[in-house]
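Structure record follows, encoded as structure tokens.
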Amino acid sequence: MAATPTRPDALIHARGLTKRFGNLLAVDAVDFDVDRGEAFGFLGPNGAGKTSTMRMIGCVSSPSGGVLRVLGMDPVRDGPRIRARLGVVPQSDTLDTELHVDENLFTYARYFGLSRDTARRRADQLLDFVQLKDRARDNVEFLSGGMKRRLTIARALVNEPELLLLDEPTTGLDPQARHLVWDRLYRLKQQGVTIVLTTHYMDEAEQLCDRLVVMDKAKIVAFGSPRSLIDQYSSREVLELRFPIDSTPALDGLDGLAERIEALPDRVLLYTSDGEAAAAAVHGRGLRPESILVRRSTLEDVFLRLTGRSLIE
Amino acid sequence: MTGALRVLEHHLTVYRRTWKGSLFMSFLSPILFLAAMGLGLGSLISRGPVRTIDGVSYLVFLAPGLLAANAMQAAYVETTYPIMARIQWQRTYEGMLATPIAVLDVLVGEFGWLIFRLALSSCAFFFVMLLFGTVHSPLAVLAIVAAILTGLAFAAPILSWTATRRTDQSFALIGRFLITPLFLLGGVFFPLHQLPQVIQGIAWLTPLAHGVALARSLSLGVLAPSAGIHLAVLLLYAGIGITAARITLQRRLVQ
């Protein structure tokens with residue numbers, strides 16, 4: 001990616017940011033800027049370098065090379081000062097299972113140096129915000145996965161952070177729990193909190209992110225808004241064909257029916273501006289797929305186009 | 001260092017949940033040991049050919065040794081599984097480090113907590129010693145400090161080791177091949193000079209023998225010049241351990 005000019009006003013500013021673990025290159029010279037008030041996403045499969053990038057932004061891992069500025073400061077030198085203004089939701093919950101729900105928020109607020117009164121008040125408000133008020137005196141171990149995730153998010157908010165970092169906020173949650181988390185994150189964004197998140201769910205990225213970068217094998221392979229990425233890298237519609245086992249026709253039988261054809265193990269994707277017309281043309285050639293689906297392009301298609309692989313493997 | 005105080009505050013908050021059981025054990029264990037070994041075994045010795053050990057009754061000889069050994073065991077228990085839990089099973093430290101708290105705060109807070117725990121169990125032990133009438137000198141109160149230092153001389157090196165581990169396999173081995181043999185052969189139950197020269201030499205290389213010797217002489221109201229050597233060895237182990245723990249914990253938590 002071409003180097004863009006320095007943006008000192010950006011909340012996070014990275015140029016050539018690199019992270020090495022021994023011989024392993026986890027993050028390979030990435031450039032990005034995150035502006036105040038936006039929701040910014042890192043989309044990519046497991047092992048793409050998303051978490052390593054997040055840990056460098058969170059000042060708990062020092063860059064091996066390149067420039068990184070967070071809130072205008074240097075994460076290596078000003079770690080504690082930056083972290084005082086960050087909220088971090090790690091990939092796996094780090095809640096205190098030996099403490100009650102409200103005690104988790106209280107002790108965490110104390111880490112930020114809040115007075116006991118403020119800590120208690122903040123804990124109260126946040127339990128309301130994540131709808132856990134009636135579980136305040138419960139042990140954390142009795143909470144469901146979705147409730148634990150909400151408590152972790154509440155905990156990340158005790159210091160009223162300007163910047164909230166979320167590493168795979170909804171991985172492993174059921175659809176209902178996910179929507180509740182998305183709703184709370186959307187409200188935070190409305191309140192002006194800048195949100196940076198990683199995900200390997202394209203629907204999550206589409207729901208939440210104003211802008212995102214697609215990462216693969218330690219590099220940024222594309223960036224833009226979800227809509228612009230789809231426009232740039234995919235067609236308007238996708239025709240999905242599923243053929244009976246062992247009777248998938250040779251791809252050249254579909255030649256000329258779409259701008260681009262992608263054969264996956266279980267189905268064939270035809271990228272086209274008019275899915276219905278393409279479906280009719282398939283029938284016109286005497287092909288009889290078991291099922292036919294016309295849908296809009298998603299970020300999943302963008303990722304497939306860019307890397308030749310699915311996001312979740 | 002307010003960060004370290006927050007870490008300590010966290011541990012105390014958790015301890016508020018469990019203090020009753022843990023304090024009960026802190027009293028029960030010395031009562032059982034002093035009754036069974038001190039009084040029970042001691043009555044046999046008092047009727048035997050030697051009658052006394054180094055000039056005092058077996059109970060008086062045994063109690064300060066057990067006080068030091070008790071601190072060693074508490075240090076071992078506190079710096080293996082619970083530290084592993086905070087590093088990787090519960091990831092408590094990861095949560096702390098996402099706030100203004102730094103690795104050094106975690107370490108200092110952890111040692112503040114260890115001193116608190118060691119002080120509590122050593123004071124409970126000393127109280128039981130008073131009940132059994134084994135305390136004869138005001139200087140004996142300082143045996144509590146000797147016990148705390150003995151605990152730290154084990155806690156710091158073990159903590160630095162724990163911070164390098166990915167599994168808990170080695171913890172049982174430390175218990176079996178270090179803590180238990182020292183407990184049995186470190187001069188707690190009989191004077192070291194009864195052992196073969198080689199084993200004596202090995203025992204004096206470890207902190208326990210020095211902790212026991214220091215606690216014992218203080219509890220008898222004797223402040224011999226050798227106390228300085230014992231003190232120096234304990235401080236050396238604690239100091240090296242803390243320095244090592246600073247490196248291993250930093251490496252483990254901030255990659």
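Chain labels follow the order of the structure tokens: the first chain is A, the next B, and so on; residue numbering restarts at 1 in every chain, and ligands are counted from 1 in their shown order.
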With only C-alpha atoms considered, list every residue of chain B at most 6 Å from chain A, as an MDAnalysis selection string.
chainID B and resid 6 90:92 95 99:100 254:255
Polymer residues at most 12 Å from B:Ser226, only C-alpha atoms, same-chain spacing of 2 or more positions, as an MDAnalysis selection string:
chainID B and resid 210:211 213:214 217:218 222:224 228:233
Could you find all residues in stretch 65-251 of chain B that DSSP calls helix (DSSP H, G or I) from the backbone, and write them as a compact mmCIF listing (two decimals) with N, CA and C atoms, in the first residue's frame?
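File written: result.txt
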```
# COMPACT_ATOMS: atom_id res chain seq x y z
N GLY B 65 11.13 -24.03 64.62
CA GLY B 65 11.49 -24.67 63.35
C GLY B 65 10.25 -24.85 62.48
N LEU B 66 9.18 -25.31 63.13
CA LEU B 66 7.92 -25.48 62.40
C LEU B 66 7.38 -24.13 61.92
N LEU B 67 7.58 -23.10 62.71
CA LEU B 67 7.13 -21.76 62.33
C LEU B 67 7.77 -21.35 60.99
N ALA B 68 9.07 -21.58 60.88
CA ALA B 68 9.77 -21.22 59.63
C ALA B 68 9.34 -22.13 58.48
N ALA B 69 9.22 -23.44 58.76
CA ALA B 69 8.84 -24.39 57.71
C ALA B 69 7.42 -24.11 57.22
N ASN B 70 6.56 -23.70 58.15
CA ASN B 70 5.19 -23.34 57.82
C ASN B 70 5.16 -22.19 56.80
N ALA B 71 6.04 -21.22 56.99
CA ALA B 71 6.11 -20.09 56.07
C ALA B 71 6.61 -20.54 54.70
N MET B 72 7.56 -21.47 54.71
CA MET B 72 8.07 -22.02 53.43
C MET B 72 6.92 -22.68 52.66
N GLN B 73 6.12 -23.47 53.37
CA GLN B 73 5.03 -24.16 52.69
C GLN B 73 3.97 -23.20 52.18
N ALA B 74 3.65 -22.19 52.98
CA ALA B 74 2.68 -21.19 52.55
C ALA B 74 3.19 -20.47 51.30
N ALA B 75 4.49 -20.16 51.27
CA ALA B 75 5.08 -19.48 50.12
C ALA B 75 4.96 -20.35 48.87
N TYR B 76 5.24 -21.64 49.03
CA TYR B 76 5.15 -22.57 47.90
C TYR B 76 3.72 -22.63 47.37
N VAL B 77 2.76 -22.75 48.28
CA VAL B 77 1.36 -22.85 47.87
C VAL B 77 0.92 -21.57 47.14
N GLU B 78 1.32 -20.41 47.65
CA GLU B 78 0.85 -19.15 47.08
C GLU B 78 1.49 -18.78 45.75
N THR B 79 2.69 -19.32 45.48
CA THR B 79 3.41 -18.86 44.28
C THR B 79 3.40 -19.87 43.14
N TYR B 81 0.27 -22.59 41.94
CA TYR B 81 -1.03 -22.63 41.25
C TYR B 81 -1.74 -21.27 41.19
N PRO B 82 -1.80 -20.51 42.27
CA PRO B 82 -2.52 -19.22 42.17
C PRO B 82 -1.87 -18.26 41.17
N ILE B 83 -0.53 -18.25 41.11
CA ILE B 83 0.15 -17.36 40.16
C ILE B 83 -0.13 -17.82 38.73
N MET B 84 -0.08 -19.14 38.53
CA MET B 84 -0.39 -19.69 37.21
C MET B 84 -1.81 -19.29 36.80
N ALA B 85 -2.73 -19.33 37.75
CA ALA B 85 -4.12 -18.95 37.46
C ALA B 85 -4.18 -17.50 37.01
N ARG B 86 -3.45 -16.64 37.71
CA ARG B 86 -3.52 -15.22 37.36
C ARG B 86 -2.80 -14.93 36.04
N ILE B 87 -1.81 -15.76 35.70
CA ILE B 87 -1.12 -15.55 34.42
C ILE B 87 -1.97 -16.10 33.28
N GLN B 88 -2.40 -17.38 33.39
CA GLN B 88 -2.99 -17.95 32.19
C GLN B 88 -4.33 -18.66 32.35
N TRP B 89 -4.69 -19.12 33.54
CA TRP B 89 -5.98 -19.79 33.64
C TRP B 89 -7.11 -18.79 33.75
N THR B 92 -5.95 -12.95 35.11
CA THR B 92 -6.17 -11.76 35.94
C THR B 92 -5.18 -10.66 35.59
N TYR B 93 -3.92 -11.03 35.38
CA TYR B 93 -2.90 -10.03 35.08
C TYR B 93 -3.18 -9.34 33.75
N GLU B 94 -3.66 -10.11 32.76
CA GLU B 94 -3.97 -9.51 31.46
C GLU B 94 -5.00 -8.40 31.64
N GLY B 95 -6.00 -8.67 32.47
CA GLY B 95 -7.01 -7.65 32.76
C GLY B 95 -6.39 -6.42 33.42
N MET B 96 -5.51 -6.67 34.38
CA MET B 96 -4.87 -5.55 35.08
C MET B 96 -4.01 -4.72 34.14
N LEU B 97 -3.29 -5.40 33.24
CA LEU B 97 -2.34 -4.69 32.38
C LEU B 97 -3.02 -3.91 31.27
N VAL B 103 3.65 -3.99 34.79
CA VAL B 103 4.13 -5.28 35.29
C VAL B 103 4.80 -5.12 36.66
N LEU B 104 5.55 -4.04 36.83
CA LEU B 104 6.23 -3.83 38.11
C LEU B 104 5.21 -3.65 39.24
N ASP B 105 4.10 -2.97 38.95
CA ASP B 105 3.02 -2.84 39.95
C ASP B 105 2.50 -4.21 40.34
N VAL B 106 2.29 -5.06 39.32
CA VAL B 106 1.79 -6.41 39.58
C VAL B 106 2.74 -7.14 40.51
N LEU B 107 4.04 -7.04 40.22
CA LEU B 107 5.04 -7.76 41.02
C LEU B 107 5.08 -7.23 42.46
N VAL B 108 5.14 -5.91 42.59
CA VAL B 108 5.22 -5.33 43.94
C VAL B 108 3.94 -5.64 44.72
N GLY B 109 2.80 -5.52 44.05
CA GLY B 109 1.53 -5.84 44.71
C GLY B 109 1.48 -7.29 45.16
N GLU B 110 2.00 -8.16 44.30
CA GLU B 110 2.02 -9.58 44.61
C GLU B 110 2.87 -9.85 45.85
N PHE B 111 4.01 -9.17 45.96
CA PHE B 111 4.87 -9.37 47.13
C PHE B 111 4.25 -8.74 48.38
N GLY B 112 3.53 -7.64 48.19
CA GLY B 112 2.80 -7.07 49.32
C GLY B 112 1.79 -8.08 49.86
N TRP B 113 1.11 -8.73 48.94
CA TRP B 113 0.13 -9.75 49.30
C TRP B 113 0.81 -10.93 50.00
N LEU B 114 1.95 -11.37 49.46
CA LEU B 114 2.67 -12.50 50.06
C LEU B 114 3.09 -12.18 51.49
N ILE B 115 3.60 -10.96 51.69
CA ILE B 115 4.02 -10.57 53.04
C ILE B 115 2.82 -10.58 53.98
N PHE B 116 1.69 -10.09 53.48
CA PHE B 116 0.46 -10.09 54.28
C PHE B 116 0.06 -11.52 54.67
N ARG B 117 0.05 -12.40 53.69
CA ARG B 117 -0.33 -13.80 53.94
C ARG B 117 0.63 -14.47 54.91
N LEU B 118 1.94 -14.26 54.68
CA LEU B 118 2.95 -14.89 55.53
C LEU B 118 2.86 -14.34 56.95
N ALA B 119 2.63 -13.04 57.06
CA ALA B 119 2.53 -12.41 58.38
C ALA B 119 1.33 -12.97 59.14
N LEU B 120 0.22 -13.11 58.41
CA LEU B 120 -1.00 -13.61 59.04
C LEU B 120 -0.80 -15.03 59.58
N SER B 121 -0.28 -15.91 58.73
CA SER B 121 -0.16 -17.31 59.18
C SER B 121 0.95 -17.44 60.22
N SER B 122 2.01 -16.62 60.12
CA SER B 122 3.08 -16.70 61.11
C SER B 122 2.60 -16.17 62.47
N CYS B 123 1.78 -15.10 62.44
CA CYS B 123 1.23 -14.58 63.70
C CYS B 123 0.31 -15.61 64.34
N ALA B 124 -0.50 -16.27 63.51
CA ALA B 124 -1.38 -17.31 64.04
C ALA B 124 -0.54 -18.41 64.68
N PHE B 125 0.53 -18.78 64.00
CA PHE B 125 1.42 -19.83 64.51
C PHE B 125 2.04 -19.40 65.84
N PHE B 126 2.49 -18.14 65.88
CA PHE B 126 3.12 -17.63 67.10
C PHE B 126 2.14 -17.64 68.27
N PHE B 127 0.89 -17.30 67.96
CA PHE B 127 -0.15 -17.31 68.98
C PHE B 127 -0.31 -18.72 69.57
N VAL B 128 -0.27 -19.73 68.70
CA VAL B 128 -0.37 -21.11 69.16
C VAL B 128 0.86 -21.48 70.00
N MET B 129 2.03 -20.97 69.59
CA MET B 129 3.24 -21.20 70.39
C MET B 129 3.08 -20.63 71.80
N LEU B 130 2.46 -19.46 71.89
CA LEU B 130 2.20 -18.86 73.21
C LEU B 130 1.31 -19.78 74.05
N LEU B 131 0.28 -20.31 73.37
CA LEU B 131 -0.65 -21.19 74.08
C LEU B 131 0.07 -22.44 74.61
N PRO B 138 11.07 -11.97 75.09
CA PRO B 138 10.43 -10.96 74.23
C PRO B 138 11.03 -10.95 72.82
N LEU B 139 12.30 -11.35 72.74
CA LEU B 139 12.97 -11.40 71.44
C LEU B 139 12.27 -12.38 70.48
N ALA B 140 11.50 -13.31 71.06
CA ALA B 140 10.84 -14.35 70.27
C ALA B 140 9.88 -13.76 69.24
N VAL B 141 9.35 -12.56 69.51
CA VAL B 141 8.44 -11.94 68.55
C VAL B 141 9.13 -11.78 67.20
N LEU B 142 10.44 -11.55 67.24
CA LEU B 142 11.19 -11.38 65.98
C LEU B 142 11.25 -12.66 65.15
N ALA B 143 10.94 -13.79 65.78
CA ALA B 143 10.90 -15.05 65.02
C ALA B 143 9.82 -14.98 63.93
N ILE B 144 8.79 -14.16 64.17
CA ILE B 144 7.76 -13.96 63.14
C ILE B 144 8.40 -13.34 61.90
N VAL B 145 9.25 -12.35 62.12
CA VAL B 145 9.93 -11.69 60.99
C VAL B 145 10.83 -12.69 60.27
N ALA B 146 11.54 -13.52 61.07
CA ALA B 146 12.39 -14.54 60.46
C ALA B 146 11.57 -15.48 59.59
N ALA B 147 10.37 -15.82 60.06
CA ALA B 147 9.51 -16.73 59.30
C ALA B 147 9.06 -16.06 57.99
N ILE B 148 8.68 -14.78 58.08
CA ILE B 148 8.25 -14.07 56.87
C ILE B 148 9.40 -14.03 55.85
N LEU B 149 10.60 -13.76 56.34
CA LEU B 149 11.75 -13.71 55.43
C LEU B 149 12.03 -15.09 54.82
N THR B 150 11.86 -16.14 55.63
CA THR B 150 12.02 -17.50 55.09
C THR B 150 11.02 -17.73 53.97
N GLY B 151 9.77 -17.31 54.20
CA GLY B 151 8.74 -17.44 53.18
C GLY B 151 9.13 -16.71 51.90
N LEU B 152 9.62 -15.47 52.03
CA LEU B 152 9.99 -14.69 50.85
C LEU B 152 11.18 -15.31 50.12
N ALA B 153 12.10 -15.91 50.88
CA ALA B 153 13.27 -16.54 50.25
C ALA B 153 12.85 -17.72 49.37
N PHE B 154 11.69 -18.31 49.66
CA PHE B 154 11.17 -19.36 48.77
C PHE B 154 10.22 -18.77 47.74
N ALA B 155 9.38 -17.84 48.17
CA ALA B 155 8.34 -17.31 47.28
C ALA B 155 8.94 -16.66 46.03
N ALA B 156 9.97 -15.85 46.21
CA ALA B 156 10.49 -15.08 45.07
C ALA B 156 11.08 -15.99 43.99
N PRO B 157 11.98 -16.93 44.33
CA PRO B 157 12.49 -17.80 43.26
C PRO B 157 11.40 -18.68 42.64
N ILE B 158 10.47 -19.19 43.46
CA ILE B 158 9.43 -20.06 42.90
C ILE B 158 8.53 -19.26 41.96
N LEU B 159 8.19 -18.02 42.36
CA LEU B 159 7.36 -17.18 41.49
C LEU B 159 8.06 -16.92 40.15
N SER B 160 9.36 -16.67 40.21
CA SER B 160 10.08 -16.40 38.96
C SER B 160 10.06 -17.64 38.06
N TRP B 161 10.07 -18.81 38.67
CA TRP B 161 9.99 -20.06 37.90
C TRP B 161 8.58 -20.24 37.32
N THR B 162 7.57 -20.03 38.16
CA THR B 162 6.18 -20.20 37.71
C THR B 162 5.89 -19.34 36.48
N GLN B 169 2.76 -28.97 35.56
CA GLN B 169 3.40 -30.25 35.86
C GLN B 169 4.50 -30.16 36.90
N SER B 170 5.34 -29.12 36.79
CA SER B 170 6.51 -29.05 37.65
C SER B 170 6.16 -28.70 39.10
N PHE B 171 4.95 -28.18 39.34
CA PHE B 171 4.63 -27.72 40.70
C PHE B 171 4.61 -28.88 41.69
N ALA B 172 4.01 -30.00 41.26
CA ALA B 172 3.98 -31.17 42.16
C ALA B 172 5.40 -31.66 42.42
N LEU B 173 6.25 -31.57 41.40
CA LEU B 173 7.63 -32.03 41.57
C LEU B 173 8.38 -31.14 42.57
N ILE B 174 8.13 -29.84 42.50
CA ILE B 174 8.76 -28.92 43.46
C ILE B 174 8.35 -29.33 44.87
N GLY B 175 7.06 -29.63 45.03
CA GLY B 175 6.58 -30.05 46.34
C GLY B 175 7.25 -31.33 46.80
N ARG B 176 7.33 -32.30 45.89
CA ARG B 176 7.81 -33.62 46.26
C ARG B 176 9.32 -33.65 46.48
N PHE B 177 10.06 -32.95 45.62
CA PHE B 177 11.52 -33.09 45.65
C PHE B 177 12.26 -31.91 46.28
N LEU B 178 11.52 -30.84 46.60
CA LEU B 178 12.19 -29.72 47.25
C LEU B 178 11.56 -29.42 48.62
N ILE B 179 10.27 -29.13 48.60
CA ILE B 179 9.61 -28.67 49.83
C ILE B 179 9.54 -29.78 50.89
N THR B 180 9.05 -30.96 50.50
CA THR B 180 8.92 -32.04 51.48
C THR B 180 10.26 -32.50 52.05
N PRO B 181 11.28 -32.79 51.20
CA PRO B 181 12.57 -33.18 51.77
C PRO B 181 13.16 -32.10 52.70
N LEU B 182 13.00 -30.84 52.32
CA LEU B 182 13.53 -29.79 53.19
C LEU B 182 12.79 -29.76 54.52
N PHE B 183 11.48 -29.94 54.44
CA PHE B 183 10.66 -29.96 55.65
C PHE B 183 11.17 -31.06 56.59
N LEU B 184 11.47 -32.22 56.01
CA LEU B 184 11.88 -33.36 56.84
C LEU B 184 13.34 -33.30 57.27
N LEU B 185 14.21 -32.75 56.39
CA LEU B 185 15.65 -32.83 56.65
C LEU B 185 16.29 -31.46 56.87
N LEU B 192 20.54 -30.33 62.76
CA LEU B 192 21.21 -30.68 61.51
C LEU B 192 22.51 -31.45 61.75
N HIS B 193 23.19 -31.17 62.86
CA HIS B 193 24.51 -31.79 63.06
C HIS B 193 24.42 -33.29 63.28
N GLN B 194 23.21 -33.83 63.35
CA GLN B 194 23.08 -35.28 63.45
C GLN B 194 23.14 -35.95 62.09
N GLN B 197 27.69 -35.37 56.90
CA GLN B 197 28.30 -34.10 56.48
C GLN B 197 27.73 -33.58 55.15
N VAL B 198 27.62 -34.50 54.17
CA VAL B 198 27.17 -34.09 52.83
C VAL B 198 25.78 -33.48 52.90
N ILE B 199 24.89 -34.16 53.58
CA ILE B 199 23.51 -33.68 53.65
C ILE B 199 23.44 -32.37 54.45
N GLN B 200 24.25 -32.28 55.49
CA GLN B 200 24.33 -31.01 56.22
C GLN B 200 24.71 -29.87 55.29
N GLY B 201 25.75 -30.15 54.47
CA GLY B 201 26.23 -29.13 53.54
C GLY B 201 25.13 -28.68 52.60
N ILE B 202 24.39 -29.67 52.07
CA ILE B 202 23.30 -29.34 51.15
C ILE B 202 22.24 -28.51 51.88
N ALA B 203 21.89 -28.93 53.08
CA ALA B 203 20.85 -28.25 53.84
C ALA B 203 21.21 -26.77 54.08
N TRP B 204 22.50 -26.53 54.36
CA TRP B 204 22.91 -25.14 54.63
C TRP B 204 22.94 -24.27 53.37
N LEU B 205 22.84 -24.93 52.19
CA LEU B 205 22.76 -24.15 50.96
C LEU B 205 21.35 -23.61 50.74
N PRO B 207 17.54 -21.97 51.89
CA PRO B 207 17.09 -20.95 52.85
C PRO B 207 16.47 -21.55 54.11
N LEU B 208 15.89 -22.75 54.00
CA LEU B 208 15.13 -23.24 55.16
C LEU B 208 16.02 -23.40 56.39
N ALA B 209 17.19 -24.04 56.22
CA ALA B 209 18.07 -24.27 57.37
C ALA B 209 18.39 -22.95 58.07
N HIS B 210 18.64 -21.91 57.27
CA HIS B 210 18.96 -20.61 57.85
C HIS B 210 17.75 -19.98 58.52
N GLY B 211 16.58 -20.14 57.90
CA GLY B 211 15.35 -19.60 58.49
C GLY B 211 15.05 -20.28 59.82
N VAL B 212 15.20 -21.61 59.83
CA VAL B 212 14.95 -22.38 61.06
C VAL B 212 15.92 -21.95 62.15
N ALA B 213 17.21 -21.87 61.80
CA ALA B 213 18.23 -21.52 62.79
C ALA B 213 17.96 -20.12 63.36
N LEU B 214 17.60 -19.19 62.47
CA LEU B 214 17.34 -17.82 62.92
C LEU B 214 16.12 -17.76 63.84
N ALA B 215 15.03 -18.40 63.38
CA ALA B 215 13.80 -18.39 64.19
C ALA B 215 14.04 -19.07 65.53
N ARG B 216 14.81 -20.14 65.53
CA ARG B 216 15.05 -20.89 66.76
C ARG B 216 15.86 -20.07 67.77
N SER B 217 16.94 -19.44 67.30
CA SER B 217 17.76 -18.68 68.25
C SER B 217 16.98 -17.47 68.77
N LEU B 218 16.17 -16.84 67.89
CA LEU B 218 15.37 -15.70 68.37
C LEU B 218 14.33 -16.14 69.39
N SER B 219 13.71 -17.28 69.15
CA SER B 219 12.65 -17.71 70.07
C SER B 219 13.24 -18.09 71.42
N SER B 226 25.99 -15.50 64.37
CA SER B 226 25.60 -16.26 63.17
C SER B 226 24.25 -15.79 62.62
N ALA B 227 23.46 -15.08 63.44
CA ALA B 227 22.17 -14.59 62.97
C ALA B 227 22.34 -13.70 61.73
N GLY B 228 23.45 -12.95 61.72
CA GLY B 228 23.71 -12.07 60.57
C GLY B 228 23.87 -12.87 59.28
N ILE B 229 24.56 -14.02 59.39
CA ILE B 229 24.76 -14.87 58.21
C ILE B 229 23.41 -15.42 57.74
N HIS B 230 22.62 -15.93 58.71
CA HIS B 230 21.30 -16.47 58.33
C HIS B 230 20.46 -15.41 57.63
N LEU B 231 20.45 -14.23 58.21
CA LEU B 231 19.67 -13.12 57.65
C LEU B 231 20.15 -12.81 56.23
N ALA B 232 21.48 -12.78 56.06
CA ALA B 232 22.04 -12.44 54.75
C ALA B 232 21.64 -13.47 53.70
N VAL B 233 21.67 -14.75 54.08
CA VAL B 233 21.30 -15.80 53.11
C VAL B 233 19.83 -15.66 52.70
N LEU B 234 18.97 -15.41 53.67
CA LEU B 234 17.54 -15.26 53.37
C LEU B 234 17.31 -14.08 52.44
N LEU B 235 17.97 -12.95 52.76
CA LEU B 235 17.80 -11.76 51.93
C LEU B 235 18.36 -11.97 50.53
N LEU B 236 19.45 -12.73 50.45
CA LEU B 236 20.06 -13.01 49.15
C LEU B 236 19.10 -13.81 48.27
N TYR B 237 18.51 -14.86 48.85
CA TYR B 237 17.55 -15.67 48.08
C TYR B 237 16.36 -14.83 47.64
N ALA B 238 15.84 -14.04 48.55
CA ALA B 238 14.68 -13.20 48.22
C ALA B 238 15.05 -12.19 47.13
N GLY B 239 16.23 -11.58 47.28
CA GLY B 239 16.66 -10.55 46.33
C GLY B 239 16.87 -11.11 44.93
N ILE B 240 17.58 -12.24 44.86
CA ILE B 240 17.82 -12.87 43.56
C ILE B 240 16.48 -13.29 42.94
N GLY B 241 15.61 -13.84 43.78
CA GLY B 241 14.30 -14.28 43.29
C GLY B 241 13.48 -13.13 42.74
N ILE B 242 13.48 -12.01 43.45
CA ILE B 242 12.68 -10.86 43.00
C ILE B 242 13.24 -10.32 41.68
N THR B 243 14.57 -10.24 41.58
CA THR B 243 15.19 -9.77 40.33
C THR B 243 14.82 -10.71 39.18
N ALA B 244 14.91 -12.01 39.44
CA ALA B 244 14.57 -12.98 38.38
C ALA B 244 13.09 -12.88 38.02
N ALA B 245 12.23 -12.72 39.03
CA ALA B 245 10.79 -12.65 38.78
C ALA B 245 10.44 -11.42 37.95
N ARG B 246 11.18 -10.34 38.19
CA ARG B 246 10.93 -9.13 37.42
C ARG B 246 11.16 -9.38 35.94
N ILE B 247 12.20 -10.14 35.64
CA ILE B 247 12.53 -10.45 34.24
C ILE B 247 11.52 -11.45 33.65
N THR B 248 11.29 -12.55 34.37
CA THR B 248 10.44 -13.60 33.77
C THR B 248 8.98 -13.14 33.65
N LEU B 249 8.51 -12.38 34.62
CA LEU B 249 7.12 -11.92 34.55
C LEU B 249 6.93 -10.90 33.42
N GLN B 250 7.91 -10.01 33.29
CA GLN B 250 7.87 -9.03 32.21
C GLN B 250 7.82 -9.74 30.84
N ARG B 251 8.70 -10.73 30.70
CA ARG B 251 8.77 -11.47 29.44
C ARG B 251 7.48 -12.20 29.15
```
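Around A:Ile230, within 8 Å and counting only C-alpha atoms, the residues found are Arg236, Ser297, Thr298, Leu299, Asp301 and Val302 of chain A, once anything fewer than 6 positions away on its own chain is removed.
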Go ahead and write the residues just picked, C-alpha atoms, as a PDB file, in the first residue's frame.
```
ATOM      1  CA  ARG A 236     -23.761  -6.479  -7.188  1.00  0.00           C
ATOM      2  CA  SER A 297     -22.560  -9.533  -2.404  1.00  0.00           C
ATOM      3  CA  THR A 298     -21.075  -9.493   1.099  1.00  0.00           C
ATOM      4  CA  LEU A 299     -17.637  -8.891   2.554  1.00  0.00           C
ATOM      5  CA  ASP A 301     -17.143 -12.433  -1.273  1.00  0.00           C
ATOM      6  CA  VAL A 302     -14.613  -9.616  -1.080  1.00  0.00           C
TER       7      VAL A 302
END
```
One decimal, Å: what's the distance from atom CA of A:Leu132 over to atom CA of A:Gly146, could you say?
10.8 Å
Members of stretch 44-125 of chain A assigned strand (DSSP E) by DSSP, as an MDAnalysis selection string:
chainID A and resid 65:70 86:89
